[in-house]
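Q: My file is work_2.tsv. It has TSV, C-alpha atoms:
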```tsv
chain	number	residue	atom	x	y	z
A	1	MET	CA	45.83	-12.53	23.81
A	2	VAL	CA	44.90	-8.93	23.50
A	3	ILE	CA	41.50	-7.69	24.50
A	4	LEU	CA	40.51	-4.56	22.70
A	5	ARG	CA	37.93	-2.22	24.09
A	6	PRO	CA	34.66	-2.07	22.21
A	7	GLU	CA	34.87	0.43	19.38
A	8	GLU	CA	33.39	3.71	20.42
A	9	THR	CA	31.64	5.59	17.71
A	10	GLY	CA	29.02	8.23	17.21
A	11	LEU	CA	27.90	10.84	19.66
A	12	LYS	CA	30.15	9.67	22.46
A	13	GLN	CA	33.31	9.96	20.41
A	14	LEU	CA	32.21	13.27	18.97
A	15	LEU	CA	31.73	14.69	22.46
A	16	ASP	CA	35.02	13.25	23.58
A	17	ARG	CA	36.73	14.94	20.71
A	18	ILE	CA	35.06	18.29	21.28
A	19	LEU	CA	35.67	18.36	25.01
A	20	ASP	CA	39.26	17.20	24.72
A	21	LYS	CA	40.04	19.83	22.13
A	22	GLY	CA	38.08	22.54	23.89
A	23	VAL	CA	35.67	25.04	22.43
A	24	THR	CA	35.91	28.81	22.57
A	25	ILE	CA	33.16	31.13	21.55
A	26	ASP	CA	34.20	34.74	21.18
A	27	THR	CA	31.47	37.12	20.14
A	28	SER	CA	30.82	40.80	20.19
A	29	VAL	CA	27.55	42.44	19.27
A	30	ARG	CA	27.03	46.10	18.57
A	31	VAL	CA	23.71	47.83	18.09
A	32	ASN	CA	23.68	51.30	16.49
A	33	LEU	CA	20.84	53.78	16.44
A	34	GLY	CA	21.51	56.16	13.60
A	35	SER	CA	25.17	56.97	14.04
A	36	LEU	CA	24.92	56.58	17.80
A	37	ASP	CA	26.66	53.64	19.38
A	38	PHE	CA	23.82	52.39	21.46
A	39	LEU	CA	24.32	48.94	22.87
A	40	GLY	CA	27.23	46.58	22.90
A	41	ALA	CA	27.77	43.11	24.28
A	42	LYS	CA	30.88	41.01	24.43
A	43	ALA	CA	31.02	37.37	25.39
A	44	ARG	CA	33.99	35.07	25.73
A	45	ILE	CA	33.04	31.52	26.51
A	46	ILE	CA	35.19	28.46	26.92
A	47	LEU	CA	34.05	24.83	27.15
A	48	ALA	CA	36.50	22.06	27.91
A	49	SER	CA	36.91	18.81	29.77
A	50	PHE	CA	38.69	18.87	33.15
A	51	LYS	CA	41.77	17.39	31.57
A	52	THR	CA	42.02	20.02	28.87
A	53	ALA	CA	41.13	22.80	31.29
A	54	GLU	CA	43.96	21.75	33.55
A	55	LYS	CA	46.38	21.52	30.65
A	56	VAL	CA	45.67	24.97	29.27
A	57	GLY	CA	45.31	26.55	32.69
A	58	LEU	CA	41.68	27.55	32.86
A	59	ASP	CA	40.25	28.96	36.06
A	60	PHE	CA	38.29	26.61	38.24
A	61	PRO	CA	35.52	27.72	40.57
A	62	GLU	CA	36.71	29.10	43.89
A	63	GLY	CA	37.28	26.48	46.53
A	64	THR	CA	38.38	23.74	44.14
A	65	ASN	CA	41.13	21.64	45.63
A	66	LEU	CA	43.70	21.21	42.88
A	67	ASN	CA	45.94	18.92	44.91
A	68	THR	CA	43.92	15.70	44.81
A	69	THR	CA	45.39	12.54	43.28
A	70	ALA	CA	42.90	12.77	40.41
A	71	TRP	CA	44.69	15.93	39.22
A	72	GLN	CA	48.05	14.20	39.45
A	73	ASP	CA	46.70	11.23	37.49
A	74	LEU	CA	45.59	13.53	34.68
A	75	LYS	CA	49.22	14.41	34.12
A	76	THR	CA	50.79	10.97	34.55
A	77	MET	CA	48.21	8.55	33.16
A	78	GLN	CA	48.78	7.38	29.60
A	79	PRO	CA	46.56	5.15	27.49
A	80	CYS	CA	48.08	1.94	26.17
A	81	PRO	CA	48.30	2.07	22.34
A	82	VAL	CA	46.89	-1.43	22.05
A	83	CYS	CA	44.12	-1.81	24.63
A	84	GLY	CA	43.51	1.85	25.47
A	85	MET	CA	43.48	1.23	29.22
A	86	LYS	CA	45.19	3.94	31.19
A	87	SER	CA	48.14	3.37	33.41
A	88	ARG	CA	50.87	5.46	34.97
A	89	ARG	CA	53.66	6.31	32.58
A	90	ASP	CA	56.27	4.53	34.70
A	91	ASP	CA	54.23	1.32	34.75
A	92	LEU	CA	53.73	1.46	31.01
A	93	LYS	CA	57.48	1.49	30.45
A	94	GLU	CA	57.67	-2.08	31.71
A	95	GLY	CA	54.84	-3.16	29.45
A	96	CYS	CA	51.15	-2.44	29.71
A	97	PRO	CA	49.90	-3.95	32.99
A	98	TRP	CA	46.49	-4.54	31.42
A	99	CYS	CA	47.18	-6.31	28.13
A	100	GLY	CA	50.91	-7.02	28.35
A	101	TRP	CA	51.83	-4.86	25.35
A	102	ASN	CA	55.48	-3.94	25.31
A	103	TYR	CA	57.25	-1.70	22.88
A	104	ARG	CA	60.42	-3.67	23.45
A	105	PRO	CA	59.18	-7.22	22.94
A	106	ASP	CA	62.63	-8.77	23.41
A	107	GLU	CA	62.68	-7.66	27.03
A	108	ARG	CA	59.27	-9.06	27.88
B	1	MET	CA	34.09	-10.39	48.32
B	2	THR	CA	31.83	-10.38	45.30
B	3	SER	CA	28.62	-10.11	47.30
B	4	LYS	CA	30.06	-7.31	49.36
B	5	LYS	CA	30.87	-5.38	46.21
B	6	ALA	CA	27.37	-5.89	44.87
B	7	ALA	CA	25.82	-4.50	48.01
B	8	LEU	CA	27.95	-1.39	47.90
B	9	GLY	CA	26.30	0.40	45.05
B	10	ALA	CA	27.38	3.95	45.52
B	11	ASP	CA	27.38	4.90	41.89
B	12	GLY	CA	24.27	4.57	39.79
B	13	THR	CA	25.72	1.94	37.49
B	14	THR	CA	25.63	-0.96	39.91
B	15	ASP	CA	21.97	-0.32	40.63
B	16	GLN	CA	21.17	-0.74	37.00
B	17	MET	CA	23.39	-3.77	36.63
B	18	ARG	CA	22.10	-5.65	39.64
B	19	GLY	CA	19.02	-6.88	37.85
B	20	LYS	CA	20.88	-7.89	34.72
B	21	THR	CA	23.49	-10.13	36.30
B	22	MET	CA	20.93	-11.95	38.43
B	23	GLU	CA	18.85	-13.28	35.57
B	24	SER	CA	21.59	-14.33	33.16
B	25	THR	CA	24.57	-16.42	34.10
B	26	THR	CA	26.38	-15.97	30.79
B	27	LEU	CA	28.47	-12.87	31.10
B	28	THR	CA	28.34	-10.96	27.89
B	29	PRO	CA	29.13	-7.26	27.75
B	30	GLU	CA	25.93	-5.28	27.66
B	31	LYS	CA	26.92	-1.92	26.37
B	32	ASP	CA	23.92	-1.12	24.25
B	33	ASP	CA	23.62	2.46	25.45
B	34	SER	CA	27.29	3.31	24.99
B	35	SER	CA	26.85	5.33	21.82
B	36	GLY	CA	23.49	6.90	22.56
B	37	LEU	CA	22.55	9.97	24.51
B	38	ALA	CA	22.87	8.16	27.82
B	39	GLY	CA	26.41	7.16	26.96
B	40	ALA	CA	27.25	10.71	25.97
B	41	ILE	CA	25.88	12.16	29.20
B	42	ASP	CA	27.72	9.49	31.14
B	43	ARG	CA	30.93	10.51	29.46
B	44	ILE	CA	30.50	14.23	30.06
B	45	LEU	CA	29.68	13.78	33.72
B	46	ASP	CA	32.50	11.33	34.12
B	47	LYS	CA	35.12	13.50	32.46
B	48	GLY	CA	33.82	16.76	33.87
B	49	LEU	CA	33.09	19.90	31.94
B	50	VAL	CA	34.45	23.38	32.57
B	51	ILE	CA	32.41	26.33	31.40
B	52	ASN	CA	34.07	29.71	31.76
B	53	ALA	CA	32.53	32.85	30.42
B	54	ASP	CA	33.17	36.57	30.58
B	55	ILE	CA	30.31	38.67	29.35
B	56	THR	CA	30.13	42.47	29.30
B	57	ILE	CA	27.31	44.71	28.21
B	58	ASP	CA	27.79	48.39	27.58
B	59	VAL	CA	25.38	51.17	26.69
B	60	SER	CA	26.72	54.11	24.66
B	61	GLY	CA	30.28	53.17	25.49
B	62	VAL	CA	29.65	52.95	29.25
B	63	GLU	CA	30.11	49.54	30.73
B	64	LEU	CA	26.86	48.66	32.37
B	65	LEU	CA	27.06	45.06	33.33
B	66	GLY	CA	29.75	42.44	33.62
B	67	ILE	CA	29.27	38.76	34.23
B	68	LYS	CA	32.04	36.34	35.07
B	69	ILE	CA	31.16	32.68	35.17
B	70	ARG	CA	33.47	29.93	36.38
B	71	ALA	CA	31.47	26.74	36.28
B	72	ALA	CA	32.37	23.08	36.52
B	73	LEU	CA	29.91	20.35	35.63
B	74	ALA	CA	30.61	16.81	36.81
B	75	SER	CA	29.09	13.75	38.39
B	76	PHE	CA	29.24	13.42	42.19
B	77	GLU	CA	32.03	10.91	41.88
B	78	THR	CA	34.14	13.05	39.58
B	79	ALA	CA	33.46	16.18	41.60
B	80	ALA	CA	34.60	14.44	44.77
B	81	LYS	CA	37.73	13.10	43.11
B	82	TYR	CA	38.73	16.48	41.70
B	83	GLY	CA	38.06	18.26	44.95
B	84	LEU	CA	35.23	20.49	43.81
B	85	GLU	CA	33.42	22.26	46.58
B	86	PHE	CA	30.00	20.99	47.54
B	87	PRO	CA	27.16	23.17	48.81
B	88	SER	CA	27.49	23.90	52.50
B	89	GLY	CA	25.73	21.34	54.62
B	90	THR	CA	26.72	18.38	52.45
B	91	ASN	CA	27.88	15.53	54.64
B	92	LEU	CA	31.01	14.14	53.01
B	93	GLU	CA	31.53	11.48	55.66
B	94	THR	CA	28.94	9.02	54.36
B	95	ALA	CA	29.86	5.59	53.00
B	96	ALA	CA	28.85	6.59	49.49
B	97	TRP	CA	31.53	9.31	49.40
B	98	LYS	CA	34.20	6.93	50.60
B	99	GLU	CA	33.15	4.50	47.89
B	100	ALA	CA	33.28	7.29	45.31
B	101	MET	CA	36.87	8.12	46.26
B	102	ILE	CA	38.07	4.61	45.41
B	103	GLU	CA	39.71	4.68	42.02
B	104	LYS	CA	37.62	2.64	39.62
B	105	GLU	CA	38.19	1.26	36.17
B	106	GLU	CA	35.97	-0.46	33.65
B	107	CYS	CA	36.69	-4.16	33.24
B	108	PRO	CA	37.71	-4.70	29.59
B	109	GLN	CA	35.75	-7.93	29.45
B	110	CYS	CA	32.44	-7.38	31.24
B	111	GLY	CA	32.47	-3.58	31.34
B	112	LYS	CA	31.63	-3.24	35.03
B	113	ARG	CA	33.30	-0.49	37.00
B	114	VAL	CA	35.36	-2.06	39.74
B	115	ASP	CA	38.15	-1.12	42.12
B	116	ARG	CA	41.12	-0.35	39.90
B	117	GLU	CA	43.74	-1.91	42.15
B	118	GLU	CA	41.77	-5.13	42.49
B	119	LEU	CA	41.15	-5.36	38.75
B	120	LEU	CA	44.79	-4.74	37.94
B	121	ASN	CA	46.43	-6.85	40.64
B	122	ILE	CA	44.03	-9.74	41.18
B	123	ALA	CA	41.12	-10.12	38.77
B	124	CYS	CA	37.70	-8.73	37.95
B	125	PRO	CA	35.43	-9.77	40.84
B	126	TRP	CA	32.54	-10.14	38.40
B	127	CYS	CA	33.83	-12.07	35.41
B	128	GLY	CA	37.26	-13.19	36.57
B	129	TRP	CA	39.16	-11.36	33.84
B	130	GLU	CA	42.85	-11.12	34.65
B	131	SER	CA	45.22	-8.39	33.55
B	132	ALA	CA	48.66	-9.09	32.17
B	133	LYS	CA	50.13	-7.89	35.44
B	134	ALA	CA	47.99	-10.26	37.50
B	135	LYS	CA	48.88	-13.19	35.25
B	136	LYS	CA	52.56	-12.36	35.51
B	137	ARG	CA	52.33	-12.20	39.28
B	138	LYS	CA	50.42	-15.45	39.44
B	139	LYS	CA	53.10	-17.09	37.32
B	140	ALA	CA	55.79	-15.79	39.64
B	141	GLY	CA	53.78	-17.07	42.59
B	142	VAL	CA	53.27	-13.71	44.28
B	143	LYS	CA	50.05	-13.41	46.24
B	144	VAL	CA	48.51	-9.99	46.51
B	145	GLU	CA	45.88	-8.86	48.94
B	146	VAL	CA	43.81	-5.78	48.25
B	147	GLN	CA	41.31	-5.00	50.92
```
For the structure just supplied, provide its representation as structure tokens.
A:
Amino acid sequence: MVILRPEETGLKQLLDRILDKGVTIDTSVRVNLGSLDFLGAKARIILASFKTAEKVGLDFPEGTNLNTTAWQDLKTMQPCPVCGMKSRRDDLKEGCPWCGWNYRPDER
Amino acid sequence: MTSKKAALGADGTTDQMRGKTMESTTLTPEKDDSSGLAGAIDRILDKGLVINADITIDVSGVELLGIKIRAALASFETAAKYGLEFPSGTNLETAAWKEAMIEKEECPQCGKRVDREELLNIACPWCGWESAKAKKRKKAGVKVEVQ
């Protein structure tokens, strides 16, 4: 028997999608008085989830310890294609420990 | 084991759940707020959000002001797990922090967040759901103890 996670829709999924993809906002504003370059502003903003930030190498605030197991797990944890529960890639090779899914059913 | 887990409510979720499980004995997933605003906020705080910004303002070609922001937004639990720095004076030796450092996972059946190792290797302490791994081990007659 396979237990599927409840379908996630709406706002939650939208946010998931946005944060996992990452958002950059790159703007520059220039204000001229006559022909005189008067005021200029430039803003480069990036929004992303921790996972994406780690993947694309964004700066974290000073003092962040990047050696915790949670950071390691971000790299090695994979979701099972059937139940969506995350497990370490090596564990998944021998079949999903959560739902028993195996991509080589003959070896189950 | 179960009662001990119930008493240790370090994260906000157990507090909210305590009342629910007491009054009803039938365990049905109650995930009514999963797609609303509360669910969305939950998700953001759980995943963590990085906000980086570089802003410069110049007047007549002369750089006047520069702002560099490196911000991380996350729940206490996520912040602790990812090693974010807490304001000086925060006592990280309390029981709640130790509880937060335990890796947790949502039970696929009842939706409660429980110790990942226990859920995977034994069963959900709330609803008794067993993972494929636990069933396999049980079949093979291996007993596992997770403290």
Q: For chain B, which residues have at least one atom within 7 Å of chain A, if we go by all atoms listed in the file? Write them as a ChimeraX atom specification, please.
A: /B:35-36,39-40,47-60,70-72,81-85,108,120,131-133
Q: Calculate how many Å separate CA of Cys124 (chain B) from CA of Ala38 (chain B), rounding to one decimal.
A: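 Value for the CA of Cys124 (chain B)-CA of Ala38 (chain B) distance: 24.7 Å.
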Q: Provide the CA of Glu117 (chain B) to CA of Gly141 (chain B) distance in Å, to one decimal place.
A: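 CA of Gly141 (chain B) lies at a distance of 18.2 Å from CA of Glu117 (chain B).
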Q: As a ChimeraX atom specification, please: the residues near region 88-90 of chain B (cut-off 12 Å, all atoms listed in the file, same-chain neighbours under 5 positions excluded).
A: /A:63 /B:76,80,97
Q: Write the selection just made, keeping C-alpha atoms, as an mmCIF file, in the coordinates of the input?
A:
```cif
data_model
loop_
_atom_site.group_PDB
_atom_site.id
_atom_site.type_symbol
_atom_site.label_atom_id
_atom_site.label_comp_id
_atom_site.auth_asym_id
_atom_site.auth_seq_id
_atom_site.Cartn_x
_atom_site.Cartn_y
_atom_site.Cartn_z
ATOM 1 C CA GLY A 63 37.280 26.480 46.530
ATOM 2 C CA PHE B 76 29.240 13.420 42.190
ATOM 3 C CA ALA B 80 34.600 14.440 44.770
ATOM 4 C CA TRP B 97 31.530 9.310 49.400
#
```
Q: For each of A:Asp73, A:Val82, A:Lys21, A:Leu92, take the minimum atom-to-atom distance to Glu103 (chain B), counting all atoms listed in the file, then give the residue where this is smallest.
A: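 Of A:Asp73, A:Val82, A:Lys21, A:Leu92, the one nearest Glu103 (chain B) is A:Asp73, counting all atoms listed in the file.
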